[in-house]
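Undergrad: The structure file run-v4.txt (compact mmCIF, C-alpha atoms) is provided below.
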# COMPACT_ATOMS: atom_id res chain seq x y z
CA MET A 1 13.98 2.39 27.23
CA GLU A 2 11.90 3.22 30.25
CA LEU A 3 8.11 3.10 30.57
CA CYS A 4 6.56 5.51 33.03
CA ARG A 5 3.47 7.52 33.68
CA CYS A 6 3.52 10.98 32.09
CA ASN A 7 2.35 13.98 34.08
CA PRO A 8 1.60 17.63 33.27
CA SER A 9 5.31 18.48 33.29
CA ASP A 10 5.65 16.20 30.23
CA PHE A 11 3.15 18.29 28.25
CA ASP A 12 5.72 19.77 25.84
CA ALA A 13 7.24 16.35 25.09
CA VAL A 14 3.80 14.82 24.39
CA VAL A 15 2.75 17.73 22.16
CA ASP A 16 6.08 17.53 20.30
CA LEU A 17 5.62 13.80 19.71
CA ASN A 18 2.04 14.34 18.51
CA GLU A 19 2.98 17.22 16.17
CA THR A 20 6.08 15.46 14.79
CA ILE A 21 4.14 12.32 13.91
CA TYR A 22 1.13 14.19 12.51
CA ALA A 23 3.30 16.44 10.31
CA ALA A 24 5.07 13.44 8.78
CA LEU A 25 1.89 11.55 7.86
CA PRO A 26 1.25 11.40 4.12
CA ASP A 27 -2.42 10.59 4.88
CA LYS A 28 -3.61 12.87 7.69
CA SER A 29 -6.87 10.90 8.08
CA VAL A 30 -4.90 8.16 9.86
CA LEU A 31 -4.51 10.31 12.98
CA ARG A 32 -6.90 12.80 14.48
CA HIS A 33 -5.05 16.07 14.98
CA ASN A 34 -5.16 16.32 18.75
CA SER A 35 -5.38 19.74 20.31
CA PRO A 36 -3.03 20.84 23.09
CA GLU A 37 -6.11 21.07 25.35
CA MET A 38 -7.00 17.42 24.71
CA ILE A 39 -3.42 16.37 25.39
CA ALA A 40 -3.34 18.39 28.61
CA SER A 41 -6.56 16.72 29.79
CA CYS A 42 -5.06 13.28 29.15
CA LEU A 43 -2.14 14.12 31.44
CA GLU A 44 -4.57 14.80 34.32
CA GLU A 45 -6.65 12.46 36.49
CA PRO A 46 -8.80 10.51 35.94
CA ASN A 47 -6.98 9.90 32.64
CA VAL A 48 -3.57 8.25 32.44
CA THR A 49 -0.88 8.73 29.81
CA LEU A 50 1.95 6.21 29.71
CA GLY A 51 5.15 7.06 27.90
CA ILE A 52 8.22 5.22 26.77
CA TRP A 53 11.38 7.29 26.99
CA ASP A 54 14.75 6.70 25.36
CA GLY A 55 16.87 8.84 27.64
CA ASN A 56 15.30 12.30 27.49
CA LEU A 57 13.38 11.59 24.28
CA LEU A 58 9.71 10.56 24.47
CA VAL A 59 9.39 7.88 21.79
CA ALA A 60 5.89 6.45 22.37
CA ILE A 61 2.69 7.09 24.30
CA GLY A 62 -0.61 5.40 25.01
CA MET A 63 -3.56 6.80 26.94
CA LEU A 64 -6.35 5.55 29.14
CA TYR A 65 -9.18 8.03 28.71
CA VAL A 66 -12.09 8.06 31.13
CA PRO A 67 -15.13 9.47 29.30
CA GLN A 68 -16.79 12.43 30.99
CA CYS A 69 -20.05 12.16 29.05
CA ILE A 70 -21.97 9.60 27.02
CA GLN A 71 -20.84 11.15 23.71
CA GLU A 72 -17.21 10.39 24.59
CA ASP A 73 -17.83 6.80 25.67
CA HIS A 74 -17.42 4.39 22.75
CA PHE A 75 -19.09 1.68 24.86
CA TYR A 76 -22.51 3.13 24.07
CA ASP A 77 -21.80 2.67 20.36
CA LEU A 78 -21.30 -1.07 20.87
CA GLY A 79 -24.75 -2.18 21.99
CA LEU A 80 -23.27 -4.71 24.43
CA GLN A 81 -25.39 -6.07 27.24
CA GLY A 82 -23.90 -6.56 30.66
CA ASP A 83 -22.50 -4.84 33.70
CA PHE A 84 -19.54 -3.02 32.22
CA ARG A 85 -17.44 -0.18 33.50
CA SER A 86 -15.78 1.12 30.36
CA ALA A 87 -12.96 3.45 29.40
CA ASN A 88 -11.23 4.23 26.12
CA GLN A 89 -7.76 3.45 24.88
CA LYS A 90 -6.66 6.61 23.11
CA LEU A 91 -3.84 8.12 21.08
CA PHE A 92 -1.10 5.57 20.61
CA LEU A 93 1.91 7.22 19.01
CA VAL A 94 5.30 5.73 18.20
CA ARG A 95 8.09 7.92 16.88
CA GLU A 96 9.60 6.99 13.52
CA GLY A 97 12.81 5.07 14.08
CA TYR A 98 11.19 3.23 17.03
CA ARG A 99 8.43 1.50 15.07
CA GLY A 100 8.55 -2.26 14.72
CA LEU A 101 9.92 -2.75 18.24
CA GLY A 102 6.59 -3.79 19.80
CA LEU A 103 6.13 -0.51 21.68
CA GLN A 104 2.48 -0.04 20.75
CA ARG A 105 1.56 -3.54 21.88
CA ARG A 106 3.54 -3.04 25.10
CA LEU A 107 1.63 0.19 25.76
CA ILE A 108 -1.72 -1.46 24.98
CA ARG A 109 -1.00 -4.13 27.62
CA GLU A 110 0.24 -1.59 30.17
CA VAL A 111 -2.83 0.64 29.69
CA GLU A 112 -5.00 -2.46 30.19
CA LYS A 113 -3.24 -3.12 33.52
CA VAL A 114 -3.96 0.43 34.65
CA ALA A 115 -7.60 0.05 33.57
CA VAL A 116 -8.03 -3.15 35.60
CA GLU A 117 -6.37 -1.53 38.65
CA ARG A 118 -8.93 1.28 38.37
CA GLY A 119 -11.91 -1.07 38.16
CA PHE A 120 -12.62 -0.97 34.43
CA ASN A 121 -13.64 -4.23 32.78
CA LEU A 122 -14.10 -3.08 29.17
CA LEU A 123 -11.84 -1.00 26.95
CA CYS A 124 -12.80 0.54 23.63
CA THR A 125 -10.65 2.13 20.96
CA THR A 126 -10.99 3.59 17.50
CA VAL A 127 -8.55 3.07 14.63
CA ALA A 128 -8.52 4.48 11.11
CA PRO A 129 -9.54 1.69 8.70
CA ASN A 130 -6.36 2.21 6.67
CA ASN A 131 -4.05 2.01 9.70
CA GLU A 132 -3.24 -1.67 9.27
CA PHE A 133 -0.36 -1.62 11.75
CA SER A 134 -2.53 -0.42 14.64
CA ILE A 135 -5.45 -2.63 13.63
CA ASN A 136 -3.19 -5.69 13.67
CA ASN A 137 -1.71 -4.72 17.04
CA PHE A 138 -5.13 -4.38 18.66
CA LEU A 139 -6.38 -7.63 17.11
CA ARG A 140 -3.25 -9.45 18.34
CA GLU A 141 -3.97 -8.13 21.83
CA GLY A 142 -7.47 -9.64 21.77
CA TYR A 143 -9.61 -6.68 20.70
CA VAL A 144 -12.76 -7.41 18.73
CA TYR A 145 -13.94 -5.38 15.75
CA ALA A 146 -17.42 -3.94 16.38
CA LYS A 147 -18.18 -1.62 13.45
CA THR A 148 -17.04 1.26 11.30
CA GLU A 149 -18.52 4.72 11.82
CA MET A 150 -17.88 8.44 11.57
CA LYS A 151 -16.17 9.94 14.63
CA TYR A 152 -14.29 13.08 15.60
CA GLY A 153 -16.01 15.50 13.27
CA GLY A 154 -16.11 13.35 10.16
CA LEU A 155 -13.23 10.85 10.33
CA VAL A 156 -14.02 7.23 9.46
CA ARG A 157 -12.98 4.92 12.29
CA ASN A 158 -13.19 1.24 13.14
CA LEU A 159 -14.43 0.63 16.68
CA TYR A 160 -12.81 -2.18 18.68
CA TYR A 161 -13.35 -3.42 22.23
CA LYS A 162 -11.93 -5.87 24.72
CA ILE A 163 -13.56 -7.30 27.84
CA LEU A 164 -10.91 -7.43 30.56
Can you turn what I pasted into structure tokens?
TA:
Amino acid sequence: MELCRCNPSDFDAVVDLNETIYAALPDKSVLRHNSPEMIASCLEEPNVTLGIWDGNLLVAIGMLYVPQCIQEDHFYDLGLQGDFRSANQKLFLVREGYRGLGLQRRLIREVEKVAVERGFNLLCTTVAPNNEFSINNFLREGYVYAKTEMKYGGLVRNLYYKIL
């Protein structure tokens, strides 16, 4: 399996992965249904989408999202003091059949590397409180739970952060 940066030409593969995973979820509150417009924006600078491919099949993604306004920046929800340049970890998806192979944790670490290269020293992410797999992966990678709040038009999310 190969990890590489996705670009706008990978749009259809990313949308397919997103739609396939969302459609199979018994509890849709676990994943925000991401619009094609949001996905397209995450394939463009200053955002970065990393993908893991098994041949021609996109099997996992993770995104570094650079907030364009204060409402998008989870950092302001934290109340941390200090000189931080923050970005968000966003939309980690792993195709069924590829789960349990450590792909999400690999993507978390790779997105962190990109963030550091770009001068960010704090990453934030949100996870559904009932998504134990993702919660455990972020905690194992050193993220700290901050609080639970309503996000994304009424979805309950845990907010986590990591100082890099």
Undergrad: Determine the nearest neighbour of Glu2 of chain A from the options A:Ser35, A:Asn56, A:Thr20, A:Asn136, counting all atoms listed in the file.
TA: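 With all atoms listed in the file as the atom set, the closest residue is A:Asn56.
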Undergrad: For atom CA of Glu96 of chain A and atom CA of Leu50 of chain A, quote the distance in Å rounded to one decimal.
TA: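 Taking atom CA of Glu96 of chain A as the start and atom CA of Leu50 of chain A as the end point, the length is 17.9 Å.
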Undergrad: State, in Å with one decimal place, the distance from atom CA of Ile135 of chain A to atom CA of Lys147 of chain A.
TA: 12.8 Å
Undergrad: Nearest to Tyr65 of chain A among A:Leu107, A:Cys124, A:Cys6, A:Ile52, with distances taken over all atoms listed in the file: which residue is it?
TA: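 Checking each of A:Leu107, A:Cys124, A:Cys6, A:Ile52 against Tyr65 of chain A, counting all atoms listed in the file, the winner is A:Cys124.
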Undergrad: Do a neighbour search on segment 82-95 of chain A at 8 Å with all atoms listed in the file, toss out local chain neighbours closer than 4 positions, and write the hits as a CSV table (one decimal) with C-alpha atoms, keeping the file's coordinate frame.
TA:
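Contents of around29.csv, freshly written:
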chain,number,residue,atom,x,y,z
A,17,LEU,CA,5.6,13.8,19.7
A,18,ASN,CA,2.0,14.3,18.5
A,21,ILE,CA,4.1,12.3,13.9
A,59,VAL,CA,9.4,7.9,21.8
A,60,ALA,CA,5.9,6.4,22.4
A,61,ILE,CA,2.7,7.1,24.3
A,62,GLY,CA,-0.6,5.4,25.0
A,63,MET,CA,-3.6,6.8,26.9
A,64,LEU,CA,-6.4,5.6,29.1
A,65,TYR,CA,-9.2,8.0,28.7
A,66,VAL,CA,-12.1,8.1,31.1
A,67,PRO,CA,-15.1,9.5,29.3
A,73,ASP,CA,-17.8,6.8,25.7
A,74,HIS,CA,-17.4,4.4,22.8
A,75,PHE,CA,-19.1,1.7,24.9
A,99,ARG,CA,8.4,1.5,15.1
A,103,LEU,CA,6.1,-0.5,21.7
A,104,GLN,CA,2.5,0.0,20.8
A,107,LEU,CA,1.6,0.2,25.8
A,108,ILE,CA,-1.7,-1.5,25.0
A,111,VAL,CA,-2.8,0.6,29.7
A,115,ALA,CA,-7.6,0.0,33.6
A,119,GLY,CA,-11.9,-1.1,38.2
A,120,PHE,CA,-12.6,-1.0,34.4
A,121,ASN,CA,-13.6,-4.2,32.8
A,122,LEU,CA,-14.1,-3.1,29.2
A,123,LEU,CA,-11.8,-1.0,27.0
A,124,CYS,CA,-12.8,0.5,23.6
A,125,THR,CA,-10.6,2.1,21.0
A,126,THR,CA,-11.0,3.6,17.5
Undergrad: Edge lengths and centre in Å to one decimal, as JSON, is what I'm after for the box along x, y and z that holds all listed atoms of segment 23-32 of chain A once 5 Å is added on each side.
TA:
{"center_x": -0.9, "center_y": 12.3, "center_z": 9.3, "size_x": 22.0, "size_y": 18.3, "size_z": 20.4}
Undergrad: So the first atom is atom CA of Met150 of chain A and the second is atom CA of Val30 of chain A; what is the distance between them in Å, to one decimal place?
TA: 13.1 Å
Undergrad: Measuring atom to atom with only C-alpha atoms, identify which of A:Asp16, A:Ile39, A:Ser29, A:Met1 is nearest to Asp54 of chain A.
TA: A:Met1
Undergrad: Which one of A:Val15, A:Leu80, A:Leu31, A:Cys4 sits closest to Arg157 of chain A if you count all atoms listed in the file?
TA: A:Leu31
Undergrad: Of the residues A:Asp27, A:Glu19, A:Glu141, A:Asp12, which is the one nearest to Glu112 of chain A, using all atoms listed in the file?
TA: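 Ranking A:Asp27, A:Glu19, A:Glu141, A:Asp12 by distance to Glu112 of chain A, first place goes to A:Glu141.
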Undergrad: Which residue out of A:Gln81, A:Asn34, A:Asn158, A:Asn7 has the minimum interatomic distance to Thr49 of chain A when only C-alpha atoms are used?
TA: A:Asn7
